[in-house]
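K.L.:
Sharing run-v3.cif here; it has mmCIF, N, CA, C and O atoms.
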data_my_file
loop_
_atom_site.group_PDB
_atom_site.id
_atom_site.type_symbol
_atom_site.label_atom_id
_atom_site.label_comp_id
_atom_site.auth_asym_id
_atom_site.auth_seq_id
_atom_site.Cartn_x
_atom_site.Cartn_y
_atom_site.Cartn_z
ATOM 1 N N VAL A 1 139.763 108.984 69.364
ATOM 2 C CA VAL A 1 140.994 109.092 70.124
ATOM 3 C C VAL A 1 142.165 108.812 69.174
ATOM 4 O O VAL A 1 142.174 107.837 68.448
ATOM 5 N N VAL A 2 143.129 109.693 69.203
ATOM 6 C CA VAL A 2 144.313 109.584 68.358
ATOM 7 C C VAL A 2 145.385 108.823 69.125
ATOM 8 O O VAL A 2 145.598 109.049 70.308
ATOM 9 N N SER A 3 146.061 107.906 68.428
ATOM 10 C CA SER A 3 147.110 107.141 69.094
ATOM 11 C C SER A 3 148.298 108.043 69.407
ATOM 12 O O SER A 3 148.496 109.080 68.772
ATOM 13 N N MET A 4 149.086 107.621 70.382
ATOM 14 C CA MET A 4 150.276 108.387 70.763
ATOM 15 C C MET A 4 151.258 108.475 69.584
ATOM 16 O O MET A 4 151.891 109.497 69.372
ATOM 17 N N GLN A 5 151.368 107.388 68.819
ATOM 18 C CA GLN A 5 152.284 107.393 67.675
ATOM 19 C C GLN A 5 151.827 108.387 66.610
ATOM 20 O O GLN A 5 152.642 109.133 66.063
ATOM 21 N N GLU A 6 150.526 108.413 66.338
ATOM 22 C CA GLU A 6 150.001 109.369 65.361
ATOM 23 C C GLU A 6 150.243 110.804 65.816
ATOM 24 O O GLU A 6 150.629 111.667 65.026
ATOM 25 N N MET A 7 150.015 111.048 67.092
ATOM 26 C CA MET A 7 150.207 112.397 67.633
ATOM 27 C C MET A 7 151.675 112.790 67.560
ATOM 28 O O MET A 7 152.012 113.914 67.190
ATOM 29 N N ARG A 8 152.564 111.880 67.884
ATOM 30 C CA ARG A 8 153.996 112.177 67.834
ATOM 31 C C ARG A 8 154.432 112.491 66.415
ATOM 32 O O ARG A 8 155.170 113.448 66.181
ATOM 33 N N THR A 9 153.960 111.706 65.448
ATOM 34 C CA THR A 9 154.320 111.929 64.048
ATOM 35 C C THR A 9 153.857 113.308 63.595
ATOM 36 O O THR A 9 154.617 114.057 62.954
ATOM 37 N N GLU A 10 152.630 113.650 63.940
ATOM 38 C CA GLU A 10 152.103 114.972 63.568
ATOM 39 C C GLU A 10 152.901 116.093 64.237
ATOM 40 O O GLU A 10 153.231 117.097 63.609
ATOM 41 N N MET A 11 153.202 115.921 65.534
ATOM 42 C CA MET A 11 153.960 116.943 66.262
ATOM 43 C C MET A 11 155.342 117.154 65.642
ATOM 44 O O MET A 11 155.792 118.283 65.482
ATOM 45 N N MET A 12 156.023 116.071 65.298
ATOM 46 C CA MET A 12 157.371 116.192 64.733
ATOM 47 C C MET A 12 157.338 116.931 63.399
ATOM 48 O O MET A 12 158.205 117.758 63.115
ATOM 49 N N LYS A 13 156.329 116.650 62.584
ATOM 50 C CA LYS A 13 156.191 117.319 61.298
ATOM 51 C C LYS A 13 156.011 118.828 61.498
ATOM 52 O O LYS A 13 156.690 119.634 60.860
ATOM 53 N N VAL A 14 155.148 119.201 62.409
ATOM 54 C CA VAL A 14 154.873 120.616 62.664
ATOM 55 C C VAL A 14 156.083 121.302 63.312
ATOM 56 O O VAL A 14 156.412 122.434 62.974
ATOM 57 N N MET A 15 156.756 120.611 64.216
ATOM 58 C CA MET A 15 157.898 121.212 64.903
ATOM 59 C C MET A 15 159.035 121.539 63.929
ATOM 60 O O MET A 15 159.787 122.476 64.145
ATOM 61 N N HIS A 16 159.148 120.780 62.846
ATOM 62 C CA HIS A 16 160.229 121.012 61.893
ATOM 63 C C HIS A 16 159.863 121.973 60.770
ATOM 64 O O HIS A 16 160.754 122.558 60.156
ATOM 65 N N SER A 17 158.567 122.133 60.497
ATOM 66 C CA SER A 17 158.219 122.958 59.344
ATOM 67 C C SER A 17 157.132 123.979 59.604
ATOM 68 O O SER A 17 156.829 124.782 58.726
ATOM 69 N N GLY A 18 156.550 123.969 60.774
ATOM 70 C CA GLY A 18 155.433 124.870 61.044
ATOM 71 C C GLY A 18 155.865 126.196 61.638
ATOM 72 O O GLY A 18 156.983 126.369 62.112
ATOM 73 N N SER A 19 154.948 127.136 61.579
ATOM 74 C CA SER A 19 155.174 128.451 62.178
ATOM 75 C C SER A 19 155.018 128.357 63.698
ATOM 76 O O SER A 19 154.626 127.313 64.234
ATOM 77 N N ALA A 20 155.288 129.446 64.376
ATOM 78 C CA ALA A 20 155.129 129.483 65.832
ATOM 79 C C ALA A 20 153.679 129.169 66.211
ATOM 80 O O ALA A 20 153.425 128.429 67.170
ATOM 81 N N LEU A 21 152.732 129.691 65.453
ATOM 82 C CA LEU A 21 151.322 129.427 65.745
ATOM 83 C C LEU A 21 150.960 127.978 65.436
ATOM 84 O O LEU A 21 150.179 127.365 66.171
ATOM 85 N N ASP A 22 151.522 127.422 64.372
ATOM 86 C CA ASP A 22 151.295 126.010 64.058
ATOM 87 C C ASP A 22 151.795 125.127 65.193
ATOM 88 O O ASP A 22 151.138 124.165 65.586
ATOM 89 N N ARG A 23 152.967 125.465 65.724
ATOM 90 C CA ARG A 23 153.542 124.676 66.819
ATOM 91 C C ARG A 23 152.692 124.794 68.074
ATOM 92 O O ARG A 23 152.462 123.805 68.779
ATOM 93 N N LEU A 24 152.204 125.984 68.358
ATOM 94 C CA LEU A 24 151.343 126.184 69.521
ATOM 95 C C LEU A 24 150.048 125.391 69.370
ATOM 96 O O LEU A 24 149.604 124.727 70.312
ATOM 97 N N ASP A 25 149.467 125.443 68.178
ATOM 98 C CA ASP A 25 148.239 124.684 67.928
ATOM 99 C C ASP A 25 148.474 123.183 68.051
ATOM 100 O O ASP A 25 147.647 122.463 68.624
ATOM 101 N N ALA A 26 149.582 122.701 67.523
ATOM 102 C CA ALA A 26 149.892 121.272 67.597
ATOM 103 C C ALA A 26 150.090 120.843 69.040
ATOM 104 O O ALA A 26 149.644 119.762 69.458
ATOM 105 N N ARG A 27 150.767 121.660 69.816
ATOM 106 C CA ARG A 27 151.001 121.322 71.231
ATOM 107 C C ARG A 27 149.678 121.311 72.001
ATOM 108 O O ARG A 27 149.443 120.437 72.838
ATOM 109 N N THR A 28 148.821 122.290 71.720
ATOM 110 C CA THR A 28 147.508 122.343 72.364
ATOM 111 C C THR A 28 146.699 121.098 72.022
ATOM 112 O O THR A 28 146.086 120.473 72.907
ATOM 113 N N LYS A 29 146.709 120.708 70.751
ATOM 114 C CA LYS A 29 145.977 119.521 70.314
ATOM 115 C C LYS A 29 146.529 118.265 71.001
ATOM 116 O O LYS A 29 145.765 117.397 71.431
ATOM 117 N N ALA A 30 147.844 118.173 71.112
ATOM 118 C CA ALA A 30 148.461 117.024 71.771
ATOM 119 C C ALA A 30 148.059 116.950 73.235
ATOM 120 O O ALA A 30 147.766 115.861 73.755
ATOM 121 N N MET A 31 148.032 118.081 73.916
ATOM 122 C CA MET A 31 147.654 118.094 75.332
ATOM 123 C C MET A 31 146.178 117.725 75.505
ATOM 124 O O MET A 31 145.826 116.990 76.432
ATOM 125 N N GLU A 32 145.327 118.229 74.610
ATOM 126 C CA GLU A 32 143.912 117.879 74.674
ATOM 127 C C GLU A 32 143.727 116.382 74.440
ATOM 128 O O GLU A 32 142.914 115.740 75.110
ATOM 129 N N ASN A 33 144.483 115.828 73.498
ATOM 130 C CA ASN A 33 144.420 114.395 73.224
ATOM 131 C C ASN A 33 144.887 113.592 74.441
ATOM 132 O O ASN A 33 144.295 112.563 74.780
ATOM 133 N N MET A 34 145.918 114.062 75.113
ATOM 134 C CA MET A 34 146.415 113.374 76.297
ATOM 135 C C MET A 34 145.344 113.347 77.392
ATOM 136 O O MET A 34 145.136 112.316 78.040
ATOM 137 N N VAL A 35 144.642 114.457 77.579
ATOM 138 C CA VAL A 35 143.573 114.511 78.578
ATOM 139 C C VAL A 35 142.473 113.515 78.215
ATOM 140 O O VAL A 35 141.993 112.773 79.078
ATOM 141 N N GLN A 36 142.087 113.468 76.943
ATOM 142 C CA GLN A 36 141.068 112.511 76.515
ATOM 143 C C GLN A 36 141.514 111.072 76.779
ATOM 144 O O GLN A 36 140.722 110.246 77.237
ATOM 145 N N ASN A 37 142.761 110.780 76.477
ATOM 146 C CA ASN A 37 143.286 109.431 76.699
ATOM 147 C C ASN A 37 143.317 109.078 78.179
ATOM 148 O O ASN A 37 142.998 107.942 78.560
ATOM 149 N N LEU A 38 143.701 110.017 79.023
ATOM 150 C CA LEU A 38 143.710 109.762 80.464
ATOM 151 C C LEU A 38 142.304 109.501 80.986
ATOM 152 O O LEU A 38 142.087 108.596 81.806
ATOM 153 N N LYS A 39 141.343 110.277 80.511
ATOM 154 C CA LYS A 39 139.952 110.075 80.928
ATOM 155 C C LYS A 39 139.443 108.720 80.451
ATOM 156 O O LYS A 39 138.683 108.063 81.171
ATOM 157 N N ALA A 40 139.863 108.296 79.263
ATOM 158 C CA ALA A 40 139.412 107.019 78.715
ATOM 159 C C ALA A 40 139.975 105.836 79.494
ATOM 160 O O ALA A 40 139.293 104.824 79.664
ATOM 161 N N VAL A 41 141.207 105.943 79.979
ATOM 162 C CA VAL A 41 141.846 104.821 80.666
ATOM 163 C C VAL A 41 141.503 104.779 82.160
ATOM 164 O O VAL A 41 141.634 103.742 82.806
ATOM 165 N N ARG A 42 141.021 105.882 82.717
ATOM 166 C CA ARG A 42 140.775 105.956 84.151
ATOM 167 C C ARG A 42 139.840 104.863 84.680
ATOM 168 O O ARG A 42 140.133 104.243 85.719
ATOM 169 N N PRO A 43 138.701 104.579 84.032
ATOM 170 C CA PRO A 43 137.828 103.527 84.578
ATOM 171 C C PRO A 43 138.517 102.168 84.695
ATOM 172 O O PRO A 43 138.320 101.469 85.697
ATOM 173 N N ALA A 44 139.307 101.807 83.721
ATOM 174 C CA ALA A 44 140.016 100.518 83.783
ATOM 175 C C ALA A 44 141.058 100.526 84.885
ATOM 176 O O ALA A 44 141.211 99.537 85.623
ATOM 177 N N VAL A 45 141.773 101.627 85.037
ATOM 178 C CA VAL A 45 142.781 101.725 86.094
ATOM 179 C C VAL A 45 142.100 101.681 87.462
ATOM 180 O O VAL A 45 142.566 100.997 88.377
ATOM 181 N N ALA A 46 140.969 102.377 87.593
ATOM 182 C CA ALA A 46 140.246 102.381 88.871
ATOM 183 C C ALA A 46 139.752 100.982 89.223
ATOM 184 O O ALA A 46 139.867 100.547 90.378
ATOM 185 N N SER A 47 139.224 100.260 88.231
ATOM 186 C CA SER A 47 138.747 98.893 88.482
ATOM 187 C C SER A 47 139.879 97.994 88.951
ATOM 188 O O SER A 47 139.720 97.213 89.886
ATOM 189 N N LEU A 48 141.013 98.089 88.299
ATOM 190 C CA LEU A 48 142.168 97.292 88.690
ATOM 191 C C LEU A 48 142.667 97.701 90.073
ATOM 192 O O LEU A 48 142.891 96.861 90.946
ATOM 193 N N TYR A 49 142.830 99.000 90.285
ATOM 194 C CA TYR A 49 143.354 99.519 91.551
ATOM 195 C C TYR A 49 142.496 99.057 92.730
ATOM 196 O O TYR A 49 143.018 98.698 93.790
ATOM 197 N N ASN A 50 141.193 99.056 92.524
ATOM 198 C CA ASN A 50 140.269 98.704 93.614
ATOM 199 C C ASN A 50 140.384 97.259 94.066
ATOM 200 O O ASN A 50 139.962 96.925 95.173
ATOM 201 N N VAL A 51 140.945 96.374 93.246
ATOM 202 C CA VAL A 51 141.076 94.968 93.647
ATOM 203 C C VAL A 51 142.500 94.607 94.078
ATOM 204 O O VAL A 51 142.759 93.461 94.429
ATOM 205 N N LEU A 52 143.396 95.560 94.086
ATOM 206 C CA LEU A 52 144.772 95.308 94.506
ATOM 207 C C LEU A 52 144.861 95.185 96.023
ATOM 208 O O LEU A 52 144.084 95.791 96.756
ATOM 209 N N SER A 53 145.851 94.447 96.486
ATOM 210 C CA SER A 53 146.129 94.388 97.926
ATOM 211 C C SER A 53 146.755 95.720 98.340
ATOM 212 O O SER A 53 147.163 96.514 97.493
ATOM 213 N N ASP A 54 146.852 95.938 99.635
ATOM 214 C CA ASP A 54 147.456 97.187 100.122
ATOM 215 C C ASP A 54 148.892 97.338 99.638
ATOM 216 O O ASP A 54 149.312 98.430 99.258
ATOM 217 N N ASP A 55 149.646 96.243 99.634
ATOM 218 C CA ASP A 55 151.030 96.286 99.164
ATOM 219 C C ASP A 55 151.088 96.627 97.669
ATOM 220 O O ASP A 55 151.910 97.429 97.236
ATOM 221 N N GLN A 56 150.196 96.006 96.900
ATOM 222 C CA GLN A 56 150.156 96.294 95.470
ATOM 223 C C GLN A 56 149.748 97.749 95.212
ATOM 224 O O GLN A 56 150.256 98.386 94.298
ATOM 225 N N LYS A 57 148.826 98.260 96.015
ATOM 226 C CA LYS A 57 148.408 99.663 95.868
ATOM 227 C C LYS A 57 149.582 100.609 96.129
ATOM 228 O O LYS A 57 149.737 101.611 95.439
ATOM 229 N N LYS A 58 150.406 100.290 97.128
ATOM 230 C CA LYS A 58 151.577 101.123 97.403
ATOM 231 C C LYS A 58 152.515 101.151 96.199
ATOM 232 O O LYS A 58 153.036 102.203 95.829
ATOM 233 N N LYS A 59 152.705 99.986 95.585
ATOM 234 C CA LYS A 59 153.561 99.919 94.398
ATOM 235 C C LYS A 59 152.938 100.685 93.236
ATOM 236 O O LYS A 59 153.626 101.414 92.524
ATOM 237 N N ALA A 60 151.641 100.531 93.043
ATOM 238 C CA ALA A 60 150.943 101.248 91.976
ATOM 239 C C ALA A 60 151.023 102.757 92.208
ATOM 240 O O ALA A 60 151.238 103.521 91.266
ATOM 241 N N ASP A 61 150.870 103.170 93.459
ATOM 242 C CA ASP A 61 150.954 104.602 93.786
ATOM 243 C C ASP A 61 152.323 105.167 93.441
ATOM 244 O O ASP A 61 152.441 106.316 93.021
ATOM 245 N N ALA A 62 153.352 104.355 93.621
ATOM 246 C CA ALA A 62 154.715 104.804 93.334
ATOM 247 C C ALA A 62 155.006 104.828 91.830
ATOM 248 O O ALA A 62 155.835 105.610 91.379
ATOM 249 N N LEU A 63 154.318 103.977 91.065
ATOM 250 C CA LEU A 63 154.638 103.841 89.648
ATOM 251 C C LEU A 63 153.708 104.605 88.705
ATOM 252 O O LEU A 63 154.165 105.167 87.705
ATOM 253 N N LEU A 64 152.423 104.606 88.998
ATOM 254 C CA LEU A 64 151.445 105.204 88.083
ATOM 255 C C LEU A 64 151.301 106.701 88.308
ATOM 256 O O LEU A 64 151.276 107.173 89.427
ATOM 257 N N GLY A 65 151.170 107.416 87.199
ATOM 258 C CA GLY A 65 150.933 108.850 87.275
ATOM 259 C C GLY A 65 152.172 109.688 87.423
ATOM 260 O O GLY A 65 152.104 110.894 87.589
ATOM 261 N N MET A 66 153.342 109.066 87.353
ATOM 262 C CA MET A 66 154.591 109.816 87.461
ATOM 263 C C MET A 66 155.052 110.179 86.062
ATOM 264 O O MET A 66 154.958 109.394 85.142
ATOM 265 N N GLY A 67 155.539 111.362 85.877
ATOM 266 C CA GLY A 67 156.032 111.772 84.572
ATOM 267 C C GLY A 67 154.929 112.284 83.685
ATOM 268 O O GLY A 67 153.838 112.627 84.135
ATOM 269 N N CYS A 68 155.181 112.282 82.412
ATOM 270 C CA CYS A 68 154.267 112.907 81.467
ATOM 271 C C CYS A 68 153.062 112.053 81.142
ATOM 272 O O CYS A 68 152.029 112.559 80.819
ATOM 273 N N CYS A 69 153.183 110.766 81.209
ATOM 274 C CA CYS A 69 152.088 109.877 80.819
ATOM 275 C C CYS A 69 151.652 109.034 81.997
ATOM 276 O O CYS A 69 152.426 108.754 82.887
ATOM 277 N N MET A 70 150.415 108.605 81.933
ATOM 278 C CA MET A 70 149.863 107.831 83.038
ATOM 279 C C MET A 70 150.486 106.446 83.121
ATOM 280 O O MET A 70 150.827 105.983 84.189
ATOM 281 N N ILE A 71 150.559 105.758 82.024
ATOM 282 C CA ILE A 71 151.039 104.370 82.057
ATOM 283 C C ILE A 71 152.196 104.223 81.104
ATOM 284 O O ILE A 71 152.216 104.737 80.066
#
Would you give me this structure, written as C-alpha cells?
P.N.:
Amino acid sequence: VVSMQEMRTEMMKVMHSGSALDRLDARTKAMENMVQNLKAVRPAVASLYNVLSDDQKKKADALLGMGCCMI
C-alpha cells in the first residue's frame, strides 16, 4: 500500500512533466491505490462503527465517507 503523501508526490511530478498518457496512467494508479486503502481501512471502521451508540452512529454517518477520502 502506497501512502497518500507518496502518491501525491508522484502525481505532482507526472502532472508537471508527463504526457497525456502518463497523466492518465498516474491518475488510474492513484484511484486504484485509493480503492486498496479504503478496503484496508474498512474492517477497522466497521469494528468501531458497530460499537458506537445510535447518536454516535448518526454523527459518523454525517462525517465519514463524504468527499474524496474516507477519513
K.L.:
Point out the residue among A:Gln56, A:Thr9, A:Ser47, A:Ser3 with the least atom-to-atom distance to Ala26 (chain A), counting only C-alpha atoms.
P.N.:
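That would be A:Thr9, the residue with the smallest distance to Ala26 (chain A).
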K.L.:
Which residue gives the smallest distance to Asp61 (chain A) among A:Met15, A:Met31, A:Leu24, A:Ala46, with only C-alpha atoms counted?
P.N.:
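Ranked by minimum distance to Asp61 (chain A), first place goes to A:Ala46.
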K.L.:
So the first atom is atom N of Ala30 (chain A) and the second is atom N of Leu63 (chain A); what is the distance between them in Å, to one decimal place?
P.N.:
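We find that atom N of Ala30 (chain A) and atom N of Leu63 (chain A) lie 25.3 Å from each other.
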K.L.:
Quick one: pull the distance between atom C of Met7 (chain A) and atom C of Met34 (chain A), Å, one decimal.
P.N.:
11.7 Å
K.L.:
Which distance in Å separates CA of Leu52 (chain A) and CA of Val35 (chain A), to one decimal?
P.N.:
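Going from CA of Leu52 (chain A) over to CA of Val35 (chain A) covers 25.0 Å.
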K.L.:
Tell me which protein, DNA and RNA residues are within 9 Å of Val2 (chain A), counting only C-alpha atoms, leaving out same-chain ones fewer than 2 positions away, and put them as a ChimeraX atom specification.
P.N.:
/A:4-7,33,37
K.L.:
Reconstruct all heavy atoms of region 7-18 of chain A; output as a PDB file, in the frame of the given file.
P.N.:
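What ended up in selection-v8.pdb:
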ATOM      1  N   MET A   7     150.015 111.048  67.092  1.00  0.00           N
ATOM      2  CA  MET A   7     150.207 112.397  67.633  1.00  0.00           C
ATOM      3  C   MET A   7     151.675 112.790  67.560  1.00  0.00           C
ATOM      4  O   MET A   7     152.012 113.914  67.190  1.00  0.00           O
ATOM      5  CB  MET A   7     149.698 112.457  69.074  1.00  0.00           C
ATOM      6  CG  MET A   7     149.726 113.842  69.682  1.00  0.00           C
ATOM      7  SD  MET A   7     148.816 115.130  68.781  1.00  0.00           S
ATOM      8  CE  MET A   7     147.183 114.470  68.753  1.00  0.00           C
ATOM      9  N   ARG A   8     152.564 111.880  67.884  1.00  0.00           N
ATOM     10  CA  ARG A   8     153.996 112.177  67.834  1.00  0.00           C
ATOM     11  C   ARG A   8     154.432 112.491  66.415  1.00  0.00           C
ATOM     12  O   ARG A   8     155.170 113.448  66.181  1.00  0.00           O
ATOM     13  CB  ARG A   8     154.805 110.998  68.380  1.00  0.00           C
ATOM     14  CG  ARG A   8     156.296 111.284  68.423  1.00  0.00           C
ATOM     15  CD  ARG A   8     157.105 110.072  68.864  1.00  0.00           C
ATOM     16  NE  ARG A   8     158.505 110.363  68.975  1.00  0.00           N
ATOM     17  CZ  ARG A   8     159.344 110.493  67.938  1.00  0.00           C
ATOM     18  NH1 ARG A   8     158.888 110.373  66.708  1.00  0.00           N
ATOM     19  NH2 ARG A   8     160.618 110.755  68.128  1.00  0.00           N
ATOM     20  N   THR A   9     153.960 111.706  65.448  1.00  0.00           N
ATOM     21  CA  THR A   9     154.320 111.929  64.048  1.00  0.00           C
ATOM     22  C   THR A   9     153.857 113.308  63.595  1.00  0.00           C
ATOM     23  O   THR A   9     154.617 114.057  62.954  1.00  0.00           O
ATOM     24  CB  THR A   9     153.694 110.831  63.156  1.00  0.00           C
ATOM     25  OG1 THR A   9     154.197 109.568  63.573  1.00  0.00           O
ATOM     26  CG2 THR A   9     154.016 111.061  61.693  1.00  0.00           C
ATOM     27  N   GLU A  10     152.630 113.650  63.940  1.00  0.00           N
ATOM     28  CA  GLU A  10     152.103 114.972  63.568  1.00  0.00           C
ATOM     29  C   GLU A  10     152.901 116.093  64.237  1.00  0.00           C
ATOM     30  O   GLU A  10     153.231 117.097  63.609  1.00  0.00           O
ATOM     31  CB  GLU A  10     150.629 115.062  63.963  1.00  0.00           C
ATOM     32  CG  GLU A  10     149.959 116.338  63.524  1.00  0.00           C
ATOM     33  CD  GLU A  10     148.471 116.382  63.860  1.00  0.00           C
ATOM     34  OE1 GLU A  10     147.822 115.313  63.869  1.00  0.00           O
ATOM     35  OE2 GLU A  10     147.977 117.486  64.129  1.00  0.00           O
ATOM     36  N   MET A  11     153.202 115.921  65.534  1.00  0.00           N
ATOM     37  CA  MET A  11     153.960 116.943  66.262  1.00  0.00           C
ATOM     38  C   MET A  11     155.342 117.154  65.642  1.00  0.00           C
ATOM     39  O   MET A  11     155.792 118.283  65.482  1.00  0.00           O
ATOM     40  CB  MET A  11     154.131 116.535  67.730  1.00  0.00           C
ATOM     41  CG  MET A  11     152.914 116.705  68.583  1.00  0.00           C
ATOM     42  SD  MET A  11     152.597 118.412  69.052  1.00  0.00           S
ATOM     43  CE  MET A  11     154.004 118.745  70.075  1.00  0.00           C
ATOM     44  N   MET A  12     156.023 116.071  65.298  1.00  0.00           N
ATOM     45  CA  MET A  12     157.371 116.192  64.733  1.00  0.00           C
ATOM     46  C   MET A  12     157.338 116.931  63.399  1.00  0.00           C
ATOM     47  O   MET A  12     158.205 117.758  63.115  1.00  0.00           O
ATOM     48  CB  MET A  12     158.018 114.808  64.565  1.00  0.00           C
ATOM     49  CG  MET A  12     158.252 114.064  65.872  1.00  0.00           C
ATOM     50  SD  MET A  12     159.021 114.973  67.235  1.00  0.00           S
ATOM     51  CE  MET A  12     160.499 115.609  66.560  1.00  0.00           C
ATOM     52  N   LYS A  13     156.329 116.650  62.584  1.00  0.00           N
ATOM     53  CA  LYS A  13     156.191 117.319  61.298  1.00  0.00           C
ATOM     54  C   LYS A  13     156.011 118.828  61.498  1.00  0.00           C
ATOM     55  O   LYS A  13     156.690 119.634  60.860  1.00  0.00           O
ATOM     56  CB  LYS A  13     155.006 116.736  60.530  1.00  0.00           C
ATOM     57  CG  LYS A  13     154.883 117.245  59.109  1.00  0.00           C
ATOM     58  CD  LYS A  13     153.855 116.434  58.327  1.00  0.00           C
ATOM     59  CE  LYS A  13     152.505 117.092  58.451  1.00  0.00           C
ATOM     60  NZ  LYS A  13     151.479 116.464  57.611  1.00  0.00           N
ATOM     61  N   VAL A  14     155.148 119.201  62.409  1.00  0.00           N
ATOM     62  CA  VAL A  14     154.873 120.616  62.664  1.00  0.00           C
ATOM     63  C   VAL A  14     156.083 121.302  63.312  1.00  0.00           C
ATOM     64  O   VAL A  14     156.412 122.434  62.974  1.00  0.00           O
ATOM     65  CB  VAL A  14     153.611 120.788  63.538  1.00  0.00           C
ATOM     66  CG1 VAL A  14     153.434 122.232  63.971  1.00  0.00           C
ATOM     67  CG2 VAL A  14     152.383 120.302  62.784  1.00  0.00           C
ATOM     68  N   MET A  15     156.756 120.611  64.216  1.00  0.00           N
ATOM     69  CA  MET A  15     157.898 121.212  64.903  1.00  0.00           C
ATOM     70  C   MET A  15     159.035 121.539  63.929  1.00  0.00           C
ATOM     71  O   MET A  15     159.787 122.476  64.145  1.00  0.00           O
ATOM     72  CB  MET A  15     158.414 120.292  66.008  1.00  0.00           C
ATOM     73  CG  MET A  15     157.476 120.137  67.165  1.00  0.00           C
ATOM     74  SD  MET A  15     157.086 121.718  67.944  1.00  0.00           S
ATOM     75  CE  MET A  15     155.491 121.379  68.624  1.00  0.00           C
ATOM     76  N   HIS A  16     159.148 120.780  62.846  1.00  0.00           N
ATOM     77  CA  HIS A  16     160.229 121.012  61.893  1.00  0.00           C
ATOM     78  C   HIS A  16     159.863 121.973  60.770  1.00  0.00           C
ATOM     79  O   HIS A  16     160.754 122.558  60.156  1.00  0.00           O
ATOM     80  CB  HIS A  16     160.703 119.682  61.295  1.00  0.00           C
ATOM     81  CG  HIS A  16     161.386 118.804  62.292  1.00  0.00           C
ATOM     82  ND1 HIS A  16     162.491 119.196  63.011  1.00  0.00           N
ATOM     83  CD2 HIS A  16     161.108 117.542  62.713  1.00  0.00           C
ATOM     84  CE1 HIS A  16     162.867 118.233  63.812  1.00  0.00           C
ATOM     85  NE2 HIS A  16     162.045 117.218  63.668  1.00  0.00           N
ATOM     86  N   SER A  17     158.567 122.133  60.497  1.00  0.00           N
ATOM     87  CA  SER A  17     158.219 122.958  59.344  1.00  0.00           C
ATOM     88  C   SER A  17     157.132 123.979  59.604  1.00  0.00           C
ATOM     89  O   SER A  17     156.829 124.782  58.726  1.00  0.00           O
ATOM     90  CB  SER A  17     157.785 122.052  58.182  1.00  0.00           C
ATOM     91  OG  SER A  17     156.609 121.345  58.531  1.00  0.00           O
ATOM     92  N   GLY A  18     156.550 123.969  60.774  1.00  0.00           N
ATOM     93  CA  GLY A  18     155.433 124.870  61.044  1.00  0.00           C
ATOM     94  C   GLY A  18     155.865 126.196  61.638  1.00  0.00           C
ATOM     95  O   GLY A  18     156.983 126.369  62.112  1.00  0.00           O
TER      96      GLY A  18
END
